[in-house]
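The file structure_10.cif contains mmCIF, C-alpha atoms and all ligand atoms:
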```
data_entry
#
loop_
_atom_site.label_atom_id
_atom_site.label_comp_id
_atom_site.auth_asym_id
_atom_site.auth_seq_id
_atom_site.Cartn_x
_atom_site.Cartn_y
_atom_site.Cartn_z
CA MET A 1 107.92 9.88 134.59
CA GLY A 2 106.39 12.81 132.64
CA GLU A 3 108.44 14.35 129.85
CA ARG A 4 109.77 17.87 130.37
CA ARG A 5 107.52 20.42 128.69
CA ARG A 6 109.06 22.29 125.74
CA LEU A 7 109.29 25.95 126.77
CA ARG A 8 108.73 28.90 124.45
CA VAL A 9 111.36 31.56 125.08
CA ALA A 10 112.20 34.85 123.32
CA ILE A 11 115.66 36.36 123.87
CA ALA A 12 116.00 40.09 123.13
CA GLY A 13 119.66 40.83 122.29
CA GLY A 14 120.13 37.07 122.01
CA SER A 15 122.69 37.38 119.20
CA GLY A 16 125.48 38.49 121.59
CA LEU A 17 127.99 36.69 123.78
CA ILE A 18 125.62 35.52 126.52
CA GLY A 19 122.54 35.16 124.31
CA THR A 20 124.22 32.89 121.76
CA ALA A 21 125.39 30.54 124.52
CA LEU A 22 121.98 30.63 126.26
CA ALA A 23 120.04 30.03 123.02
CA GLY A 24 122.30 27.04 122.26
CA GLU A 25 121.71 25.54 125.70
CA LEU A 26 117.92 26.04 125.62
CA LYS A 27 117.68 24.55 122.10
CA SER A 28 119.80 21.58 123.11
CA ARG A 29 117.36 20.77 125.92
CA GLY A 30 114.48 20.99 123.43
CA ASP A 31 113.04 24.47 124.00
CA ASP A 32 111.51 26.63 121.27
CA VAL A 33 113.82 29.68 121.16
CA ARG A 34 113.39 32.92 119.24
CA VAL A 35 116.30 35.33 119.14
CA LEU A 36 115.10 38.93 118.72
CA THR A 37 117.65 40.91 116.72
CA ARG A 38 117.79 44.30 114.99
CA SER A 39 119.49 42.78 111.94
CA GLN A 40 117.30 41.63 109.06
CA GLY A 41 116.84 37.94 108.18
CA SER A 42 120.04 36.50 109.63
CA ALA A 43 120.42 33.23 111.55
CA PRO A 44 117.74 30.53 111.81
CA HIS A 45 115.48 31.07 114.86
CA ALA A 46 116.26 34.81 114.63
CA VAL A 47 113.32 37.20 114.44
CA HIS A 48 113.65 40.85 113.51
CA TRP A 49 112.45 43.32 116.14
CA ASN A 50 112.38 47.07 116.48
CA PRO A 51 113.51 47.93 120.03
CA SER A 52 112.22 51.50 119.53
CA ALA A 53 108.64 50.19 119.23
CA PRO A 54 108.49 46.49 120.15
CA ASP A 55 105.49 44.57 118.79
CA PRO A 56 103.51 42.96 121.67
CA ALA A 57 102.82 39.96 119.39
CA LEU A 58 106.48 38.97 119.87
CA PHE A 59 105.82 38.34 123.57
CA GLU A 60 102.41 36.67 123.34
CA ASP A 61 101.92 33.34 125.10
CA LEU A 62 105.55 32.62 126.00
CA ASP A 63 107.01 30.85 129.01
CA ALA A 64 109.81 33.40 129.33
CA VAL A 65 111.29 36.55 127.85
CA VAL A 66 115.02 37.06 128.39
CA ASN A 67 116.39 40.58 127.96
CA LEU A 68 120.10 40.76 127.07
CA ALA A 69 120.00 43.77 124.75
CA GLY A 70 122.35 46.67 125.35
CA ALA A 71 124.95 48.76 123.53
CA THR A 72 128.54 47.90 124.47
CA LEU A 73 130.17 49.69 127.43
CA ALA A 74 133.75 48.97 126.34
CA ARG A 75 134.66 52.37 124.85
CA ARG A 76 135.01 56.01 125.87
CA TRP A 77 131.74 57.32 127.26
CA SER A 78 131.15 60.47 125.21
CA PRO A 79 127.77 62.19 125.81
CA HIS A 80 126.42 60.45 122.68
CA VAL A 81 127.69 57.03 123.84
CA ARG A 82 126.21 57.59 127.32
CA ARG A 83 122.81 58.29 125.76
CA GLU A 84 123.06 55.13 123.65
CA ILE A 85 124.14 53.00 126.65
CA LEU A 86 121.25 54.35 128.74
CA ASP A 87 118.52 54.15 126.10
CA SER A 88 119.48 50.63 124.96
CA ARG A 89 118.98 49.41 128.53
CA ILE A 90 116.61 51.65 130.51
CA GLY A 91 114.52 52.96 127.58
CA LEU A 92 114.52 49.60 125.80
CA THR A 93 113.47 47.69 128.93
CA GLN A 94 110.70 50.21 129.59
CA ARG A 95 109.36 49.74 126.03
CA LEU A 96 109.76 45.95 126.22
CA VAL A 97 107.81 45.83 129.51
CA ALA A 98 105.11 48.12 128.06
CA ALA A 99 104.76 45.67 125.14
CA ILE A 100 104.57 42.71 127.55
CA ARG A 101 101.84 44.54 129.49
CA ARG A 102 99.81 44.87 126.28
CA THR A 103 99.82 41.10 125.58
CA ALA A 104 96.59 39.12 126.05
CA ARG A 105 98.58 36.25 127.58
CA PRO A 106 101.73 37.64 129.21
CA PRO A 107 104.84 35.48 129.59
CA ARG A 108 105.28 33.71 132.91
CA ALA A 109 108.76 35.10 133.49
CA LEU A 110 110.98 38.00 132.46
CA VAL A 111 114.70 37.41 133.07
CA SER A 112 116.31 40.79 132.47
CA ALA A 113 120.06 41.34 132.65
CA SER A 114 121.55 43.63 135.26
CA ALA A 115 125.19 44.00 136.29
CA ILE A 116 127.34 44.02 139.43
CA GLY A 117 128.01 47.65 138.47
CA TRP A 118 124.74 48.13 140.46
CA TYR A 119 126.98 48.12 143.59
CA GLY A 120 129.33 50.88 142.32
CA ASN A 121 132.98 50.93 143.42
CA ARG A 122 133.00 49.32 146.90
CA GLY A 123 136.61 48.62 147.96
CA GLU A 124 136.87 45.86 150.56
CA GLU A 125 133.13 45.56 151.32
CA THR A 126 131.55 42.12 150.84
CA LEU A 127 128.40 42.54 148.77
CA TYR A 128 125.18 40.53 148.84
CA GLU A 129 121.87 41.06 147.04
CA SER A 130 120.67 42.85 150.21
CA SER A 131 123.56 45.38 150.18
CA ALA A 132 122.87 49.06 149.54
CA PRO A 133 123.09 50.34 145.95
CA GLY A 134 126.20 52.18 144.77
CA THR A 135 126.71 55.55 143.12
CA GLY A 136 128.06 56.59 139.72
CA PHE A 137 126.91 56.32 136.11
CA LEU A 138 126.86 52.50 135.98
CA ALA A 139 125.27 52.05 139.40
CA GLU A 140 122.47 54.48 138.57
CA LEU A 141 122.04 52.88 135.15
CA ALA A 142 121.75 49.37 136.63
CA SER A 143 119.34 50.54 139.29
CA ALA A 144 117.00 52.19 136.77
CA TRP A 145 117.37 49.17 134.45
CA GLU A 146 116.24 46.77 137.21
CA ASN A 147 113.36 49.07 138.18
CA GLU A 148 112.05 49.12 134.60
CA ALA A 149 112.20 45.30 134.44
CA ALA A 150 110.39 45.02 137.79
CA GLY A 151 107.45 46.89 136.19
CA ALA A 152 106.44 43.64 134.44
CA SER A 153 105.39 42.17 137.78
CA GLY A 154 102.31 44.44 137.52
CA ALA A 155 101.14 42.12 134.70
CA GLY A 156 101.64 39.03 136.89
CA VAL A 157 105.05 38.25 135.36
CA ARG A 158 107.75 36.78 137.61
CA VAL A 159 110.80 39.05 137.18
CA VAL A 160 114.40 37.96 137.80
CA THR A 161 117.31 40.40 137.36
CA PRO A 162 120.65 38.56 137.38
CA ARG A 163 123.43 40.99 138.40
CA ILE A 164 126.07 39.71 136.03
CA GLY A 165 129.78 39.79 136.92
CA LEU A 166 132.77 39.64 134.53
CA VAL A 167 131.89 36.86 132.13
CA LEU A 168 134.76 34.54 131.22
CA SER A 169 134.77 33.52 127.57
CA ALA A 170 137.42 33.49 124.86
CA ARG A 171 134.72 34.76 122.46
CA GLY A 172 134.12 38.13 124.06
CA GLY A 173 134.21 40.34 127.14
CA VAL A 174 137.19 41.02 129.39
CA LEU A 175 139.05 37.74 128.78
CA ALA A 176 138.96 38.06 124.99
CA ARG A 177 140.53 41.52 125.38
CA LEU A 178 143.18 40.59 127.96
CA ALA A 179 144.29 37.17 126.65
CA PRO A 180 146.00 38.44 123.44
CA ILE A 181 147.98 41.02 125.46
CA PHE A 182 149.06 38.39 128.00
CA ARG A 183 149.96 35.96 125.20
CA LEU A 184 152.44 38.57 123.94
CA GLY A 185 154.00 38.68 127.41
CA LEU A 186 152.71 42.23 127.85
CA GLY A 187 150.18 41.47 130.57
CA GLY A 188 150.07 42.51 134.21
CA PRO A 189 147.88 44.16 136.81
CA LEU A 190 145.88 47.30 136.10
CA ALA A 191 146.98 50.10 138.47
CA SER A 192 147.39 48.74 142.05
CA GLY A 193 145.60 45.52 141.09
CA ARG A 194 143.97 45.56 144.55
CA MET A 195 140.40 45.97 143.29
CA TRP A 196 138.12 42.93 143.53
CA TRP A 197 136.93 41.27 140.35
CA SER A 198 133.81 39.14 140.63
CA TRP A 199 133.80 36.79 137.66
CA ILE A 200 131.63 33.94 136.33
CA ALA A 201 132.29 31.29 133.68
CA LEU A 202 129.97 31.70 130.67
CA GLU A 203 128.56 28.17 131.08
CA ASP A 204 127.70 28.83 134.71
CA LEU A 205 126.01 32.09 133.75
CA VAL A 206 123.96 30.26 131.12
CA GLY A 207 122.93 27.86 133.90
CA VAL A 208 121.85 30.80 136.09
CA PHE A 209 119.64 32.15 133.28
CA ALA A 210 118.16 28.68 132.65
CA ARG A 211 117.47 28.30 136.38
CA SER A 212 115.87 31.76 136.44
CA ILE A 213 113.56 30.73 133.58
CA ASP A 214 112.63 27.42 135.22
CA ASP A 215 112.45 28.09 138.96
CA ALA A 216 109.06 29.57 139.86
CA ALA A 217 110.42 30.39 143.34
CA LEU A 218 113.15 32.69 142.03
CA ALA A 219 112.41 36.42 141.68
CA GLY A 220 114.24 39.72 142.10
CA PRO A 221 117.98 40.38 141.97
CA VAL A 222 120.38 37.41 141.86
CA ASN A 223 124.15 37.90 142.03
CA ALA A 224 125.35 36.03 138.93
CA VAL A 225 128.99 35.57 139.93
CA SER A 226 131.19 32.68 141.05
CA PRO A 227 131.62 32.15 144.80
CA SER A 228 135.33 33.09 144.54
CA PRO A 229 135.99 36.73 143.60
CA VAL A 230 139.69 37.62 143.34
CA ARG A 231 141.78 40.77 143.36
CA MET A 232 142.63 41.99 139.86
CA ARG A 233 146.35 41.29 140.40
CA ASP A 234 145.57 37.65 141.28
CA PHE A 235 143.38 37.45 138.18
CA ALA A 236 146.40 38.67 136.16
CA LEU A 237 148.69 36.10 137.82
CA HIS A 238 146.25 33.24 137.16
CA LEU A 239 145.80 34.29 133.54
CA ALA A 240 149.57 34.56 133.00
CA HIS A 241 150.08 31.15 134.60
CA VAL A 242 147.42 29.48 132.46
CA LEU A 243 149.00 31.00 129.33
CA GLY A 244 152.58 30.21 130.46
CA ARG A 245 153.61 33.87 130.23
CA PRO A 246 154.89 36.46 132.73
CA ALA A 247 152.63 39.14 134.26
CA TRP A 248 155.19 41.83 135.00
CA LEU A 249 153.96 44.87 133.19
CA ASN A 250 151.78 47.14 135.22
CA VAL A 251 149.35 49.44 133.45
CA PRO A 252 149.18 52.75 135.37
CA ALA A 253 145.78 54.23 136.18
CA SER A 254 146.77 57.45 134.38
CA ALA A 255 147.27 55.56 131.08
CA LEU A 256 143.83 53.92 131.42
CA ARG A 257 142.23 57.31 132.12
CA VAL A 258 143.88 58.84 129.06
CA ALA A 259 142.63 55.95 126.90
CA TYR A 260 139.14 55.50 128.34
CA GLY A 261 138.20 58.58 130.39
CA THR A 262 135.63 57.97 133.16
CA MET A 263 134.92 54.45 131.86
CA ALA A 264 138.37 53.53 133.25
CA ASP A 265 137.38 54.68 136.76
CA GLU A 266 133.97 53.03 136.75
CA VAL A 267 134.86 49.72 135.09
CA LEU A 268 138.59 48.99 134.85
CA LEU A 269 139.72 50.58 138.11
CA ALA A 270 136.55 49.89 140.11
CA GLY A 271 135.98 46.76 142.14
CA GLN A 272 133.18 44.82 143.76
CA ARG A 273 133.61 41.80 146.01
CA VAL A 274 130.28 40.14 145.26
CA ILE A 275 129.02 36.92 146.86
CA PRO A 276 126.24 34.91 145.10
CA LYS A 277 124.23 34.51 148.31
CA ARG A 278 120.94 33.54 146.67
CA LEU A 279 122.56 30.95 144.39
CA LEU A 280 124.54 29.48 147.30
CA ASP A 281 121.32 29.27 149.34
CA LEU A 282 119.81 27.30 146.42
CA ASP A 283 122.88 24.99 146.33
CA TYR A 284 123.45 26.08 142.75
CA ALA A 285 125.93 23.59 141.24
CA TYR A 286 128.77 25.61 139.71
CA ARG A 287 130.90 23.84 137.15
CA ASP A 288 133.70 26.36 137.65
CA ALA A 289 133.85 27.81 141.14
CA GLU A 290 137.65 28.38 141.03
CA LEU A 291 139.39 30.82 138.72
CA GLY A 292 142.35 28.72 137.47
CA PRO A 293 140.28 25.86 136.01
CA ALA A 294 137.64 28.34 134.78
CA LEU A 295 140.26 30.30 132.80
CA ARG A 296 141.81 27.11 131.44
CA ARG A 297 138.44 25.82 130.23
CA ALA A 298 137.31 29.17 128.81
CA LEU A 299 140.55 29.63 126.85
CA ALA A 300 140.56 26.01 125.65
CA SER A 301 137.03 26.29 124.27
CA ARG A 302 138.31 28.65 121.55
CA GLY A 303 141.90 29.77 121.23
N1 LIG A 401 129.57 40.14 129.13
C1 LIG A 401 129.74 40.62 130.37
O1 LIG A 401 130.82 40.44 131.02
C2 LIG A 401 128.59 41.34 131.06
C3 LIG A 401 128.74 41.69 132.42
C4 LIG A 401 127.71 42.37 133.05
C5 LIG A 401 126.54 42.69 132.35
N2 LIG A 401 126.43 42.34 131.04
C6 LIG A 401 125.21 42.78 130.34
O2 LIG A 401 124.48 41.66 129.81
C7 LIG A 401 123.89 42.02 128.55
C8 LIG A 401 124.34 41.01 127.49
O3 LIG A 401 125.76 40.97 127.48
P1 LIG A 401 126.59 40.38 126.25
O4 LIG A 401 128.01 40.30 126.71
O5 LIG A 401 125.90 39.18 125.70
O6 LIG A 401 126.45 41.62 125.24
P2 LIG A 401 126.71 41.66 123.64
O7 LIG A 401 127.51 40.49 123.21
O8 LIG A 401 127.23 43.03 123.35
O9 LIG A 401 125.22 41.50 123.05
C9 LIG A 401 124.22 42.46 123.28
C10 LIG A 401 123.21 42.41 122.17
O10 LIG A 401 122.39 43.57 122.32
C11 LIG A 401 121.98 44.04 121.05
N3 LIG A 401 122.25 45.48 121.00
C12 LIG A 401 123.44 46.12 120.89
N4 LIG A 401 123.27 47.43 120.86
C13 LIG A 401 121.93 47.65 120.91
C14 LIG A 401 121.11 48.81 120.87
N5 LIG A 401 121.63 50.04 120.77
N6 LIG A 401 119.76 48.65 120.96
C15 LIG A 401 119.22 47.41 121.05
N7 LIG A 401 119.94 46.28 121.06
C16 LIG A 401 121.28 46.41 121.00
C17 LIG A 401 122.81 43.31 119.99
O11 LIG A 401 121.92 42.46 119.26
P3 LIG A 401 121.44 42.76 117.73
O12 LIG A 401 122.54 43.58 117.09
O13 LIG A 401 121.31 41.39 117.14
O14 LIG A 401 120.15 43.48 117.85
C18 LIG A 401 123.80 42.49 120.78
O15 LIG A 401 124.02 41.21 120.24
C19 LIG A 401 124.35 43.45 128.23
O16 LIG A 401 123.34 44.36 128.60
C20 LIG A 401 125.55 43.63 129.13
O17 LIG A 401 125.76 44.98 129.53
C21 LIG A 401 127.41 41.67 130.38
#
```

Could you express the structure from this file as structure tokens?
Ligand SMILES: NC(=O)c1ccc[n+]([C@@H]2O[C@H](COP(=O)([O-])OP(=O)(O)OC[C@H]3O[C@@H](n4cnc5c(N)ncnc54)[C@H](OP(=O)(O)O)[C@@H]3O)[C@@H](O)[C@H]2O)c1
Amino acid sequence: MGERRRLRVAIAGGSGLIGTALAGELKSRGDDVRVLTRSQGSAPHAVHWNPSAPDPALFEDLDAVVNLAGATLARRWSPHVRREILDSRIGLTQRLVAAIRRTARPPRALVSASAIGWYGNRGEETLYESSAPGTGFLAELASAWENEAAGASGAGVRVVTPRIGLVLSARGGVLARLAPIFRLGLGGPLASGRMWWSWIALEDLVGVFARSIDDAALAGPVNAVSPSPVRMRDFALHLAHVLGRPAWLNVPASALRVAYGTMADEVLLAGQRVIPKRLLDLDYAYRDAELGPALRRALASRG
């Protein structure tokens, strides 16, 4: 009959797409949430932090720290941008873990974002948490990012690293970029459209993070994707159908490379067919396991 204990959770990078949704969910179930942000005195529950030298006091005596900080990948990767992308994940996580290790009472859990980019570009291969790592800038980034997070286990902290797939939300990420183009009737597959896209609805991802905070038996990498990855061209067809528009126009790989350089090859033209083996073994209850309804719901939640 006991009441659920109110958890104390800090979310680094919690002002972004995933963090805002997660903070809302944790607050609505009664948890005490602090969003760590670089911007000064903004939203309620937001606390300023300096990711170049995090203050250990921010992580003292918490139930969980969630790490969602990271500079955006959705642009051309110039040498300067590459350094920013790397430091805001690998360097930041290293400094965050060092701060956690200096606390007198370390948090019970660290849930630190990773990405399915960990697997690299894998064609037709079916990928599980136990699969071999990939190669390339993103794969090496994700691997080093997870390794830094794992360092917190030395302080007795349970570490979970959700490997996040393409998050479906009208508020940000891939869907927010594609939907306006498809609405104009200018949508269609990227290149051959044969690459696999492993997606997850934002609400289901929030549930995976909440489960990772709560479940003392969960540790290590967890594929945070739906159980139904699709080829990019089927994603385009579903999106066009949901929006009542055609999906005729094909964007050639050469045009994507001109616009985005190597980012096009590693993100837009790459594919991973990822299965959420650990979540399926836990009987994780997805709200949206199928793409059509997931797209409909995501787009309905904000136009
Ligand atoms: N969305 C996806 O489809 C997806 C897929 C796979 C992996 N991920 C990963 O999951 C994490 C969260 O994703 P998201 O979509 O919520 O990202 P987001 O909306 O871009 O939010 C990331 C947050 O990180 C902070 N940040 C940005 N640049 C930073 C920097 N240089 N140093 C320190 N903090 C910085 C920002 O918070 P402040 O400005 O308030 O400090 C920002 O709100 C990211 O690492 C992302 O790569 C996302």

Under the rule of at most 10 Å, produce a per-residue listing of segment 94-205 of chain A near segment 31-53 of chain A: chain, number, name, the closest pair of atoms, and the distance in Å, as a tab-separated table, using only C-alpha atoms.
```
residue	atom	partner	partner_atom	distance
A:Arg95	CA	A:Ala53	CA	6.9
A:Leu96	CA	A:Pro51	CA	7.5
A:Ala98	CA	A:Ala53	CA	9.7
A:Ala99	CA	A:Ala53	CA	8.4
```

Six-sided padding of 6 Å per side, axis-aligned box over ligand LIG 401 (chain A), centre and edges in Å, one decimal, as JSON:
```
{"center_x": 125.0, "center_y": 44.6, "center_z": 125.1, "size_x": 23.6, "size_y": 22.9, "size_z": 28.0}
```

| query | Could you tell me, as a ChimeraX atom specification, which residues have any atom at most 8 Å from (131.1, 54.6, 140.5), counting all atoms listed in the file? | reply | /A:117,120-121,134-139,265-266,270

| Once you count only C-alpha atoms and all ligand atoms, which residues end up within 8 Å of ligand LIG 401 (chain A), and could you hand them over as a ChimeraX atom specification? | /A:12-20,36-39,49,51,67-73,84-85,87-89,92,113-117,163-168,172-174

| Could you list as a PyMOL selection string every residue that has an atom within 9 Å of (107.8, 39.5, 133.7), using the file's coordinates and counting only C-alpha atoms? | chain A and resi 64-65+97+100-101+106-112+149-160

Any chance you could export the current selection's C-alpha atoms as a tab-separated table (two decimals), in the coordinates of the input?
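File produced: again-v7.tsv:
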```
chain	number	residue	atom	x	y	z
A	64	ALA	CA	109.81	33.40	129.33
A	65	VAL	CA	111.29	36.55	127.85
A	97	VAL	CA	107.81	45.83	129.51
A	100	ILE	CA	104.57	42.71	127.55
A	101	ARG	CA	101.84	44.54	129.49
A	106	PRO	CA	101.73	37.64	129.21
A	107	PRO	CA	104.84	35.48	129.59
A	108	ARG	CA	105.28	33.71	132.91
A	109	ALA	CA	108.76	35.10	133.49
A	110	LEU	CA	110.98	38.00	132.46
A	111	VAL	CA	114.70	37.41	133.07
A	112	SER	CA	116.31	40.79	132.47
A	149	ALA	CA	112.20	45.30	134.44
A	150	ALA	CA	110.39	45.02	137.79
A	151	GLY	CA	107.45	46.89	136.19
A	152	ALA	CA	106.44	43.64	134.44
A	153	SER	CA	105.39	42.17	137.78
A	154	GLY	CA	102.31	44.44	137.52
A	155	ALA	CA	101.14	42.12	134.70
A	156	GLY	CA	101.64	39.03	136.89
A	157	VAL	CA	105.05	38.25	135.36
A	158	ARG	CA	107.75	36.78	137.61
A	159	VAL	CA	110.80	39.05	137.18
A	160	VAL	CA	114.40	37.96	137.80
```

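For the pair atom CA of Leu237 of chain A and atom CA of Glu129 of chain A, the interatomic distance is 28.8 Å.
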
Who sits within 9 Å of segment 285-289 of chain A, all atoms listed in the file, same chain under 5 positions skipped, as a PDB file with C-alpha atoms, in the coordinates of the input:
```
ATOM      1  CA  ILE A 200     131.630  33.940 136.330  1.00  0.00           C
ATOM      2  CA  ALA A 201     132.290  31.290 133.680  1.00  0.00           C
ATOM      3  CA  GLU A 203     128.560  28.170 131.080  1.00  0.00           C
ATOM      4  CA  ASP A 204     127.700  28.830 134.710  1.00  0.00           C
ATOM      5  CA  GLY A 207     122.930  27.860 133.900  1.00  0.00           C
ATOM      6  CA  SER A 226     131.190  32.680 141.050  1.00  0.00           C
ATOM      7  CA  PRO A 227     131.620  32.150 144.800  1.00  0.00           C
ATOM      8  CA  SER A 228     135.330  33.090 144.540  1.00  0.00           C
ATOM      9  CA  LEU A 279     122.560  30.950 144.390  1.00  0.00           C
ATOM     10  CA  LEU A 280     124.540  29.480 147.300  1.00  0.00           C
ATOM     11  CA  ALA A 294     137.640  28.340 134.780  1.00  0.00           C
ATOM     12  CA  ARG A 297     138.440  25.820 130.230  1.00  0.00           C
TER      13      ARG A 297
END
```

| said: As an exercise, work out the distance from atom CA of Ser143 of chain A to atom CA of Leu86 of chain A in Å and give it to one decimal place. | reply: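 Between atom CA of Ser143 of chain A and atom CA of Leu86 of chain A the gap works out to 11.4 Å.
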
| said: What's the separation between atom CA of Gly91 of chain A and atom CA of Met263 of chain A, in Å to one decimal place? | reply: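 If I compute the distance from atom CA of Gly91 of chain A to atom CA of Met263 of chain A, I get 20.9 Å.
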
| Given all atoms listed in the file as the counted atoms, nearest of A:Gly30, A:Pro252, A:Gly261, A:Gly188 to Trp77 of chain A |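 Looking only at the distances to Trp77 of chain A, the closest residue turns out to be A:Gly261.
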